[in-house]
Structures are given as structure tokens and as C-alpha cells.
file data22.txt (compact mmCIF, C-alpha atoms and all ligand atoms)
# COMPACT_ATOMS: atom_id res chain seq x y z
CA MET A 1 0.00 0.00 0.00
CA ASN A 2 1.28 3.39 -0.99
CA MET A 3 1.46 5.61 2.09
CA LYS A 4 3.03 8.62 0.42
CA LYS A 5 1.10 11.83 0.39
CA ARG A 6 0.30 13.14 -3.06
CA VAL A 7 0.88 16.44 -4.76
CA LEU A 8 -0.95 17.55 -7.88
CA SER A 9 -0.67 20.68 -9.93
CA GLY A 10 -1.40 21.83 -13.45
CA ILE A 11 -0.84 24.67 -15.85
CA ARG A 12 -3.30 25.61 -18.56
CA ALA A 13 -2.19 25.15 -22.15
CA THR A 14 -2.73 28.75 -23.19
CA GLY A 15 0.73 29.59 -24.48
CA ARG A 16 4.32 29.62 -23.46
CA LEU A 17 5.24 29.71 -19.80
CA HIS A 18 6.69 32.84 -18.25
CA LEU A 19 8.82 33.73 -15.26
CA GLY A 20 5.73 34.07 -13.07
CA ASN A 21 4.71 30.44 -13.75
CA TYR A 22 8.24 29.35 -13.07
CA LEU A 23 8.73 31.16 -9.77
CA GLY A 24 5.14 30.73 -8.60
CA ALA A 25 4.37 27.15 -9.48
CA ILE A 26 7.25 25.22 -11.05
CA LYS A 27 9.77 26.09 -8.31
CA GLY A 28 7.35 24.58 -5.78
CA MET A 29 6.97 21.47 -7.95
CA LEU A 30 10.75 21.09 -8.14
CA GLU A 31 11.03 21.34 -4.38
CA LEU A 32 8.31 18.76 -3.80
CA GLN A 33 9.58 16.23 -6.33
CA ASP A 34 12.73 15.91 -4.23
CA ASN A 35 10.78 15.33 -1.04
CA PRO A 36 10.59 11.55 -0.49
CA ASP A 37 7.36 11.89 1.52
CA TYR A 38 5.45 12.83 -1.61
CA GLU A 39 4.30 11.25 -4.82
CA ASN A 40 4.13 14.02 -7.44
CA LEU A 41 1.68 14.40 -10.32
CA TYR A 42 1.92 17.32 -12.73
CA MET A 43 -0.41 17.74 -15.63
CA VAL A 44 -1.17 20.10 -18.44
CA ALA A 45 -4.69 21.40 -17.84
CA ASP A 46 -5.69 21.18 -21.49
CA LEU A 47 -9.39 20.76 -20.73
CA HIS A 48 -9.37 23.99 -18.74
CA THR A 49 -8.11 25.74 -21.87
CA LEU A 50 -11.59 25.24 -23.35
CA THR A 51 -13.10 27.60 -20.77
CA THR A 52 -11.97 30.72 -22.65
CA PRO A 53 -11.77 31.35 -26.43
CA TYR A 54 -8.88 29.41 -27.97
CA ASP A 55 -7.37 28.27 -31.24
CA VAL A 56 -7.59 24.53 -31.96
CA GLU A 57 -4.16 24.17 -33.56
CA GLU A 58 -2.55 26.26 -30.83
CA LEU A 59 -4.03 23.99 -28.17
CA ARG A 60 -2.85 20.87 -29.99
CA LYS A 61 0.66 22.30 -29.91
CA ASN A 62 0.58 23.81 -26.43
CA ARG A 63 -0.68 20.72 -24.60
CA ARG A 64 2.63 19.20 -25.51
CA GLU A 65 4.71 22.36 -25.07
CA VAL A 66 3.74 22.62 -21.41
CA ILE A 67 5.09 19.11 -20.84
CA ILE A 68 8.31 20.15 -22.60
CA ASP A 69 8.46 23.23 -20.34
CA TYR A 70 8.06 20.99 -17.28
CA LEU A 71 10.87 18.73 -18.45
CA SER A 72 13.12 21.65 -19.37
CA ALA A 73 12.59 23.30 -15.99
CA GLY A 74 13.77 20.13 -14.28
CA LEU A 75 10.73 18.00 -13.56
CA ASP A 76 12.02 14.48 -13.82
CA PRO A 77 9.79 11.65 -15.09
CA GLU A 78 11.65 9.29 -12.76
CA LYS A 79 10.37 11.31 -9.83
CA SER A 80 7.15 12.93 -11.07
CA ILE A 81 4.23 11.64 -13.09
CA LEU A 82 3.79 14.04 -16.01
CA PHE A 83 0.56 13.75 -17.96
CA GLN A 84 -2.14 15.36 -20.05
CA GLN A 85 -5.49 15.94 -18.36
CA ALA A 86 -7.61 15.27 -21.46
CA ASP A 87 -5.98 11.87 -21.93
CA ASN A 88 -7.37 10.74 -18.60
CA PRO A 89 -11.15 10.54 -19.06
CA TYR A 90 -11.74 9.97 -15.34
CA HIS A 91 -11.19 13.66 -14.56
CA LEU A 92 -14.32 14.59 -16.51
CA GLU A 93 -16.29 11.76 -14.99
CA LEU A 94 -15.42 12.79 -11.45
CA ALA A 95 -16.08 16.46 -12.26
CA TYR A 96 -19.63 15.55 -13.26
CA LEU A 97 -20.17 13.56 -10.08
CA PHE A 98 -18.76 16.47 -8.04
CA SER A 99 -20.97 18.99 -9.82
CA SER A 100 -23.91 17.37 -8.06
CA VAL A 101 -22.72 18.68 -4.67
CA MET A 102 -21.90 22.26 -5.77
CA THR A 103 -24.48 24.97 -6.34
CA VAL A 104 -24.56 27.27 -9.34
CA ALA A 105 -24.83 30.29 -7.01
CA LYS A 106 -21.59 29.41 -5.27
CA MET A 107 -19.72 29.10 -8.57
CA GLN A 108 -21.12 32.40 -9.85
CA HIS A 109 -19.83 34.23 -6.79
CA LEU A 110 -16.18 33.22 -7.15
CA PRO A 111 -13.91 36.20 -7.89
CA THR A 112 -12.07 34.15 -10.53
CA PHE A 113 -15.37 33.53 -12.36
CA LYS A 114 -16.42 37.18 -12.18
CA GLU A 115 -13.08 38.27 -13.59
CA LYS A 116 -13.40 35.95 -16.59
CA VAL A 117 -16.96 37.15 -17.19
CA LYS A 118 -15.61 40.69 -17.40
CA GLN A 119 -12.80 39.66 -19.75
CA HIS A 120 -14.97 37.55 -22.06
CA PRO A 121 -18.60 38.65 -21.65
CA GLU A 122 -19.55 36.81 -24.86
CA ASN A 123 -18.19 33.49 -23.62
CA VAL A 124 -19.77 32.77 -20.28
CA THR A 125 -20.12 29.05 -20.90
CA MET A 126 -21.06 26.04 -18.77
CA ALA A 127 -17.41 24.98 -19.01
CA LEU A 128 -16.31 28.29 -17.48
CA LEU A 129 -18.78 28.00 -14.63
CA ASN A 130 -17.60 24.46 -14.03
CA TYR A 131 -13.91 25.38 -14.05
CA PRO A 132 -13.40 25.04 -10.27
CA VAL A 133 -15.32 21.77 -10.12
CA LEU A 134 -13.06 20.22 -12.78
CA MET A 135 -10.04 21.56 -10.92
CA ALA A 136 -11.33 19.96 -7.71
CA ALA A 137 -11.64 16.68 -9.62
CA ASP A 138 -8.05 17.07 -10.89
CA ILE A 139 -6.80 17.34 -7.32
CA LEU A 140 -9.10 14.97 -5.45
CA ILE A 141 -8.99 12.17 -8.02
CA TYR A 142 -5.44 11.58 -6.74
CA LYS A 143 -6.42 12.40 -3.15
CA ALA A 144 -3.67 15.00 -3.30
CA ASP A 145 -3.39 17.16 -0.22
CA SER A 146 -0.79 19.60 -1.46
CA VAL A 147 -1.21 21.85 -4.50
CA PRO A 148 1.68 24.10 -5.60
CA VAL A 149 -0.06 27.00 -7.37
CA GLY A 150 0.02 30.79 -7.29
CA LEU A 151 -1.89 32.96 -4.85
CA ASP A 152 -4.65 33.69 -7.38
CA GLN A 153 -5.70 30.03 -7.28
CA GLU A 154 -6.60 30.04 -3.58
CA PRO A 155 -10.39 30.38 -4.20
CA HIS A 156 -10.23 27.29 -6.41
CA VAL A 157 -8.36 25.24 -3.83
CA GLU A 158 -10.99 26.34 -1.32
CA VAL A 159 -13.69 24.93 -3.63
CA ALA A 160 -11.79 21.63 -3.70
CA ARG A 161 -11.80 21.57 0.12
CA GLU A 162 -15.51 22.27 0.18
CA ILE A 163 -16.24 19.50 -2.31
CA ALA A 164 -14.07 17.10 -0.30
CA ARG A 165 -16.02 17.90 2.88
CA ARG A 166 -19.40 17.55 1.16
CA MET A 167 -18.51 14.27 -0.51
CA ASN A 168 -17.14 12.86 2.74
CA GLN A 169 -20.25 13.97 4.63
CA ASP A 170 -22.87 12.93 2.10
CA TYR A 171 -21.28 9.78 0.71
CA GLY A 172 -18.68 8.64 3.23
CA THR A 173 -15.68 9.08 0.94
CA ASN A 174 -12.25 9.83 2.43
CA PHE A 175 -11.02 12.79 0.41
CA PRO A 176 -8.33 14.91 2.09
CA GLU A 177 -8.82 18.68 2.28
CA PRO A 178 -6.09 19.91 -0.05
CA LYS A 179 -3.95 22.93 0.80
CA ARG A 180 -2.09 25.28 -1.46
CA PHE A 181 1.67 24.72 -1.25
CA LYS A 182 3.01 28.24 -0.96
CA THR A 183 6.26 29.27 -2.60
CA GLU A 184 8.34 32.36 -2.10
CA GLY A 185 7.38 33.40 -5.61
CA GLN A 186 3.65 32.93 -5.13
CA TYR A 187 3.13 36.51 -6.31
CA VAL A 188 5.39 37.64 -9.11
CA PRO A 189 4.77 41.27 -10.03
CA SER A 190 4.29 42.63 -13.54
CA LEU A 191 7.08 44.52 -15.31
CA LEU A 192 4.60 47.32 -15.93
CA GLY A 193 4.54 48.49 -12.33
CA GLU A 194 1.05 47.33 -11.55
CA GLY A 195 -0.61 43.95 -10.96
CA LYS A 196 0.95 40.53 -11.43
CA MET A 197 2.99 39.04 -14.23
CA SER A 198 0.36 37.63 -16.58
CA LYS A 199 0.26 35.99 -19.97
CA SER A 200 -2.76 38.05 -20.88
CA VAL A 201 -1.08 41.41 -20.23
CA GLU A 202 1.36 42.35 -22.98
CA GLY A 203 4.68 43.72 -21.67
CA SER A 204 4.10 42.37 -18.15
CA PHE A 205 6.09 39.16 -18.45
CA ILE A 206 9.37 37.50 -19.34
CA ASN A 207 9.05 34.24 -21.25
CA LEU A 208 11.09 31.23 -20.21
CA VAL A 209 12.55 31.21 -23.73
CA ASP A 210 13.58 34.89 -23.84
CA ASP A 211 17.24 35.53 -24.61
CA LEU A 212 19.39 38.03 -22.73
CA GLU A 213 18.72 40.86 -25.20
CA THR A 214 14.97 40.41 -24.96
CA ILE A 215 15.09 40.27 -21.17
CA LYS A 216 17.18 43.43 -21.04
CA ALA A 217 14.83 45.25 -23.41
CA LYS A 218 11.76 44.27 -21.36
CA ILE A 219 13.32 45.16 -18.00
CA ALA A 220 14.61 48.45 -19.42
CA LYS A 221 11.02 49.49 -20.09
CA ALA A 222 9.91 48.88 -16.49
CA PRO A 223 8.89 52.16 -14.83
CA THR A 224 11.03 53.63 -12.01
CA ASP A 225 11.38 57.00 -10.30
CA THR A 226 14.10 59.67 -10.21
CA GLY A 227 16.06 57.78 -7.56
CA SER A 228 16.26 60.86 -5.36
CA ILE A 229 13.51 59.98 -2.89
CA GLY A 230 15.47 57.96 -0.35
CA GLY A 231 14.35 56.15 2.81
CA GLU A 232 12.29 52.96 2.70
CA ILE A 233 11.57 51.43 -0.70
CA PRO A 234 7.97 51.96 -1.84
CA LYS A 235 5.34 49.28 -1.17
CA GLU A 236 3.93 49.28 -4.68
CA GLY A 237 4.60 50.49 -8.20
CA GLY A 238 7.47 50.02 -10.62
CA VAL A 239 10.31 50.40 -8.12
CA ALA A 240 8.68 48.06 -5.59
CA ASN A 241 8.22 45.47 -8.35
CA LEU A 242 11.85 45.64 -9.46
CA PHE A 243 12.95 45.07 -5.88
CA THR A 244 10.56 42.13 -5.51
CA LEU A 245 11.94 40.53 -8.67
CA LEU A 246 15.51 41.08 -7.52
CA LYS A 247 14.70 39.49 -4.17
CA LEU A 248 13.16 36.46 -5.86
CA ILE A 249 15.95 35.89 -8.30
CA GLY A 250 19.11 37.75 -7.24
CA SER A 251 21.54 37.22 -4.37
CA ASP A 252 20.89 38.73 -0.94
CA GLU A 253 24.05 40.83 -1.19
CA VAL A 254 22.96 42.46 -4.40
CA TYR A 255 19.46 43.02 -3.09
CA ASN A 256 20.76 44.62 0.11
CA LYS A 257 23.19 46.81 -1.79
CA PHE A 258 20.38 48.33 -3.84
CA ILE A 259 18.19 48.77 -0.76
CA LEU A 260 21.00 50.86 0.75
CA ASP A 261 21.52 52.75 -2.51
CA TYR A 262 17.84 53.59 -2.55
CA ARG A 263 17.89 54.73 1.05
CA ASP A 264 20.90 56.96 0.38
CA LYS A 265 19.39 58.43 -2.79
CA LYS A 266 22.17 57.14 -4.97
CA ILE A 267 20.40 54.27 -6.69
CA ARG A 268 21.13 53.84 -10.39
CA TYR A 269 18.25 51.98 -11.95
CA SER A 270 20.16 51.25 -15.13
CA GLU A 271 22.70 49.31 -13.06
CA MET A 272 19.99 47.54 -11.07
CA LYS A 273 18.15 46.58 -14.26
CA GLU A 274 21.34 45.28 -15.84
CA ILE A 275 22.05 43.06 -12.81
CA LEU A 276 18.45 41.89 -12.59
CA SER A 277 18.41 40.99 -16.30
CA ASP A 278 21.65 39.01 -15.97
CA ALA A 279 20.33 37.16 -12.92
CA ILE A 280 17.13 36.23 -14.73
CA TYR A 281 19.00 35.02 -17.77
CA LYS A 282 21.35 32.95 -15.61
CA GLU A 283 18.33 31.17 -14.14
CA LEU A 284 16.66 30.63 -17.53
CA GLN A 285 19.63 29.68 -19.65
CA PRO A 286 19.95 26.05 -18.43
CA ILE A 287 16.20 25.63 -18.94
CA GLN A 288 16.57 26.84 -22.51
CA GLU A 289 19.43 24.41 -23.14
CA LYS A 290 17.35 21.48 -21.90
CA ARG A 291 14.43 22.63 -24.00
CA LYS A 292 16.56 22.34 -27.14
CA TYR A 293 17.22 18.71 -26.24
CA PHE A 294 13.56 17.82 -25.82
CA GLU A 295 12.53 19.77 -28.91
CA THR A 296 14.87 17.64 -30.97
CA HIS A 297 13.82 14.35 -29.30
CA PRO A 298 10.03 14.26 -29.76
CA GLU A 299 9.97 10.47 -29.40
CA ILE A 300 11.35 10.75 -25.86
CA VAL A 301 8.71 13.32 -24.94
CA GLY A 302 6.05 11.05 -26.43
CA GLU A 303 7.19 8.11 -24.32
CA ILE A 304 7.27 10.20 -21.14
CA ILE A 305 3.70 11.39 -21.75
CA ALA A 306 2.42 7.90 -22.57
CA GLU A 307 3.99 6.52 -19.40
CA GLY A 308 2.68 9.39 -17.25
CA ASN A 309 -0.83 9.10 -18.67
CA LYS A 310 -0.87 5.37 -17.92
CA LYS A 311 0.14 5.86 -14.29
CA ALA A 312 -2.30 8.72 -13.75
CA ILE A 313 -5.19 6.77 -15.28
CA ALA A 314 -4.53 3.78 -13.01
CA ILE A 315 -4.80 5.88 -9.85
CA ALA A 316 -7.78 7.88 -11.13
CA ARG A 317 -9.75 4.77 -12.09
CA GLU A 318 -9.63 3.51 -8.51
CA THR A 319 -10.97 6.76 -7.08
CA VAL A 320 -13.79 7.02 -9.60
CA GLU A 321 -14.85 3.42 -8.98
CA GLU A 322 -14.91 4.05 -5.26
CA VAL A 323 -16.97 7.21 -5.68
CA LYS A 324 -19.42 5.55 -8.07
CA LYS A 325 -19.96 2.74 -5.59
CA LYS A 326 -20.60 5.16 -2.75
CA MET A 327 -22.98 7.22 -4.91
CA GLY A 328 -25.04 4.20 -5.95
CA LEU A 329 -23.73 3.95 -9.49
CA LEU A 330 -21.96 0.63 -9.15
N1 LIG A 401 -6.41 26.82 -12.61
C1 LIG A 401 -4.99 26.60 -12.66
C2 LIG A 401 -4.31 27.85 -13.15
O1 LIG A 401 -4.85 28.58 -13.95
C3 LIG A 401 -4.63 25.41 -13.54
C4 LIG A 401 -5.13 24.12 -12.98
C5 LIG A 401 -6.10 23.32 -13.51
C6 LIG A 401 -4.70 23.50 -11.79
N2 LIG A 401 -6.30 22.22 -12.71
C7 LIG A 401 -5.45 22.30 -11.65
C8 LIG A 401 -3.76 23.84 -10.82
C9 LIG A 401 -5.28 21.47 -10.57
C10 LIG A 401 -3.58 22.99 -9.74
C11 LIG A 401 -4.35 21.81 -9.62
O2 LIG A 401 -3.20 28.10 -12.77

call {"tool": "encode", "arguments": {"input": "data22.txt", "output": "C-alpha cells"}}
result
Amino acid sequence: MNMKKRVLSGIRATGRLHLGNYLGAIKGMLELQDNPDYENLYMVADLHTLTTPYDVEELRKNRREVIIDYLSAGLDPEKSILFQQADNPYHLELAYLFSSVMTVAKMQHLPTFKEKVKQHPENVTMALLNYPVLMAADILIYKADSVPVGLDQEPHVEVAREIARRMNQDYGTNFPEPKRFKTEGQYVPSLLGEGKMSKSVEGSFINLVDDLETIKAKIAKAPTDTGSIGGEIPKEGGVANLFTLLKLIGSDEVYNKFILDYRDKKIRYSEMKEILSDAIYKELQPIQEKRKYFETHPEIVGEIIAEGNKKAIAIARETVEEVKKKMGLL
């Protein structure tokens, strides 16, 4: 009997990953895959991509690209099960069963739902409303109790806890109440001085595949101030964001040096931006090297996915059978 606790996380297949995904989610995954107390499952949430307008050929490509990003960033198929959500039909089956214990009103009140309604008022679909229920199924189908995701996903993890409680109460299942695994980079700020780094905001992010020149050009555009204010660094805005990024990715010495420079009104943002850009590139360069390997070995990627899918399906089947029995369907 497998007594390890499980971890599950996923990233939607909506395009290439950026530094925010890496620091917020993937770093947590890397930490957990080396913890022998855990069995790790990481998927590409390709079904969740259908909840907002998308391009069919892009999705076909991206559901594989996310797996390549995982591998390039250091997720190791010997240690982590890597798979594609849509290839495991049990997720959808469990999501339907779960939808019977969640009210429409509750789903409509989630801040994440309201935000998407604002962004895409013409596309308020059943799939969008059901987004958190499918995500709960993703997590609970493996009885995972730890979920490394960014801060913005907290309302969804809360829905998973609520569904676990309801199912356990109403049907006597034994789902754990999953918790978000927090990482230092759970909130990675935008380069634009406001909000978080986000795929949907042009100019806000650095892609994992950006070269040094591109990184420098993007960081150079980040807003700052005159550097003659002094004292404590600001709590928000362009300068605050640059400091947050430097703290997440640079050395403590460098970070502290610029804090002192700011205090003493002698900060040079061009120097700080140069150092920050170099530090980011240093972190991304090995990932880019590995990516080249996987891009040129599609058969290896294919085998890893097939193997991961098989393992994930075997675990998921057991949970769905158990739930169907308890719900009177078997
Ligand atoms: N909603 C998550 C995001 O946008 C992606 C996701 C789908 C997920 N299913 C999941 C994350 C299950 C963790 C666990 O980031």
C-alpha cells in the first residue's frame, strides 16, 4: 500500500510559460519532487483551456509544449508523473459527479469567475462555470493534499476543500482537504509596475525562452522614479516590483546593496536593471538548453507522456470506482 502523500498541480495550455509560472508554481513542484514523503503528479490542464476562447491548432501544440516546459525546468519523469489531463477521461467523470454537490450560485460568486466574465462577456459558458469543479476533480482524483499553485488560485483550492467535505459527509468518501503549497514566488509582479505578471497582459512578463537581449529590453522598459527619494523602498509600483523581482531571483548581497543605494538616494536603476536581467538570464539559460534537447527528441517526450498518462489513469480509475460505488452507481 502506498502511504506517500500526493501532490498535484497543473498549468493551462494557453501559451508559453513565463517567469511568473516558473517562480510561482514550477519552483514549488521542483522542491516537492525531491521530497521523499510525496508522490508528485503534474499535468497540463488542457481541458481547462476550453473555458476561454482558444485556437484549436494552438491547443494541440501547447498541450505538448507545457510538458516540454516541465521537463526543461527540471521535472524528472523518474520522480514525477507528467501527464495530459484530457488523456485521462476519469477527470471529466469525477467532475460531473462532483458537480452534483456544488451549487450554481456558489460558482457564480467566485472572484475568478467574475473576472473571466468581465474579460470575455460573450463566452460565459457552462465549461467556465464548471472550471473550479473540474479543478477539484483534478486534485481529489489523486487524493492530493498539497497543490503548488500561485496565490490567485486560492479560491479554487478552497472549492476543492468544500467539495471534499461535502462528498465525505454525504457519501462517506475519504477525500483529504487539499492545501495550497506556498512558494516564495507565489506573487510575481508585472514589469509594468502594476498587478501581477500575466500571460494576458502584454509587456508584463518574461518568457522562459527569452534571450538576454529580450530580457534586457523588457526590463529596461519597467517604470522607475528619479532615484532621489530615499528612505524605505515603496510598497507598490514600478520600483517596488523591481525590488521584488531582484529578491526572488538575485543574491541577498545584491538586493541589500540596492536597498542601501535607494535609502541613500544614490540608486542607479540602469545598473539595477542590468544586474536583474543578468540574474534572470542565468536562471533561464539552463532551462533553454534542456528545451533544445527535448525539442529535438520528440519520441522521448512522447514516451514520457504515454507513461505518465498510464500511471495517472490507473490511480484515477480507482478513485472514480470508489466514488461511483458510494454514490449508488456501481
Ligand atoms: N487553474 C490553474 C491555473 O490557472 C490550472 C489548474 C487546472 C490547476 N487544474 C489544476 C492547478 C489542478 C492545480 C491543480 O493556474

call {"tool": "residues_near_ligand", "arguments": {"input": "data22.txt", "ligand": "ligand LIG 401 (chain A)", "cutoff": "6 Å", "atoms": "only C-alpha atoms and all ligand atoms", "output": "PyMOL selection string"}}
result
chain A and resi 8-12+45+135+138-139+147+149

call {"tool": "closest_residue", "arguments": {"input": "data22.txt", "among": "A:Val159, A:Pro223, A:Leu140, A:Gly195", "to": "Pro176 of chain A", "atoms": "only C-alpha atoms"}}
result
A:Leu140

call {"tool": "residues_around", "arguments": {"input": "data22.txt", "residues": "Thr103 of chain A", "least_positions_apart": "5", "cutoff": "12 Å", "atoms": "only C-alpha atoms", "output": "number ranges by chain"}}
result
A: 98, 108-110, 129-130, 132-133, 159, 162-163, 166

call {"tool": "atom_distance", "arguments": {"input": "data22.txt", "atom1": "atom CA of His18 of chain A", "atom2": "atom CA of Asp87 of chain A"}}
result
24.8 Å

call {"tool": "atom_distance", "arguments": {"input": "data22.txt", "atom1": "atom CA of Ala95 of chain A", "atom2": "atom CA of Asn40 of chain A"}}
result
20.9 Å

call {"tool": "closest_residue", "arguments": {"input": "data22.txt", "among": "A:Leu208, A:Ala137, A:Ile267, A:Leu192", "to": "Pro178 of chain A", "atoms": "only C-alpha atoms"}}
result
A:Ala137

call {"tool": "atom_distance", "arguments": {"input": "data22.txt", "atom1": "atom CA of Glu39 of chain A", "atom2": "atom CA of Tyr70 of chain A"}}
result
16.3 Å

call {"tool": "closest_residue", "arguments": {"input": "data22.txt", "among": "A:Ala222, A:Lys61, A:Ile68, A:Ser100", "to": "Tyr171 of chain A", "atoms": "only C-alpha atoms"}}
result
A:Ser100

call {"tool": "closest_residue", "arguments": {"input": "data22.txt", "among": "A:Lys326, A:Met126, A:Asn241, A:Glu154", "to": "Asp170 of chain A", "atoms": "only C-alpha atoms"}}
result
A:Lys326

call {"tool": "decode", "arguments": {"input": "data22.txt", "residues": "segment 166-177 of chain A", "atoms": "N, CA, C and O atoms", "output": "CSV table (one decimal), in the first residue's frame"}}
result
chain,number,residue,atom,x,y,z
A,166,ARG,N,-18.0,18.0,1.5
A,166,ARG,CA,-19.4,17.6,1.2
A,166,ARG,C,-19.5,16.1,0.8
A,166,ARG,O,-20.4,15.3,1.2
A,167,MET,N,-18.5,15.7,-0.1
A,167,MET,CA,-18.5,14.3,-0.5
A,167,MET,C,-18.3,13.3,0.7
A,167,MET,O,-19.0,12.3,0.8
A,168,ASN,N,-17.4,13.7,1.6
A,168,ASN,CA,-17.1,12.9,2.7
A,168,ASN,C,-18.4,12.8,3.6
A,168,ASN,O,-18.7,11.7,4.1
A,169,GLN,N,-19.1,13.9,3.8
A,169,GLN,CA,-20.2,14.0,4.6
A,169,GLN,C,-21.4,13.2,4.0
A,169,GLN,O,-22.0,12.4,4.7
A,170,ASP,N,-21.7,13.5,2.7
A,170,ASP,CA,-22.9,12.9,2.1
A,170,ASP,C,-22.7,11.5,1.7
A,170,ASP,O,-23.6,10.7,1.6
A,171,TYR,N,-21.5,11.1,1.3
A,171,TYR,CA,-21.3,9.8,0.7
A,171,TYR,C,-20.2,8.9,1.4
A,171,TYR,O,-19.9,7.8,1.0
A,172,GLY,N,-19.6,9.4,2.5
A,172,GLY,CA,-18.7,8.6,3.2
A,172,GLY,C,-17.4,8.4,2.5
A,172,GLY,O,-16.7,7.3,2.8
A,173,THR,N,-17.0,9.2,1.6
A,173,THR,CA,-15.7,9.1,0.9
A,173,THR,C,-14.6,9.6,1.9
A,173,THR,O,-14.9,10.1,3.0
A,174,ASN,N,-13.3,9.4,1.5
A,174,ASN,CA,-12.3,9.8,2.4
A,174,ASN,C,-11.3,10.8,1.7
A,174,ASN,O,-10.1,10.7,1.8
A,175,PHE,N,-11.9,11.8,1.1
A,175,PHE,CA,-11.0,12.8,0.4
A,175,PHE,C,-10.3,13.7,1.4
A,175,PHE,O,-10.9,14.1,2.4
A,176,PRO,N,-9.0,14.0,1.2
A,176,PRO,CA,-8.3,14.9,2.1
A,176,PRO,C,-8.8,16.3,1.7
A,176,PRO,O,-9.3,16.5,0.6
A,177,GLU,N,-8.5,17.3,2.6
A,177,GLU,CA,-8.8,18.7,2.3
A,177,GLU,C,-7.5,19.3,1.8
A,177,GLU,O,-6.7,19.6,2.6
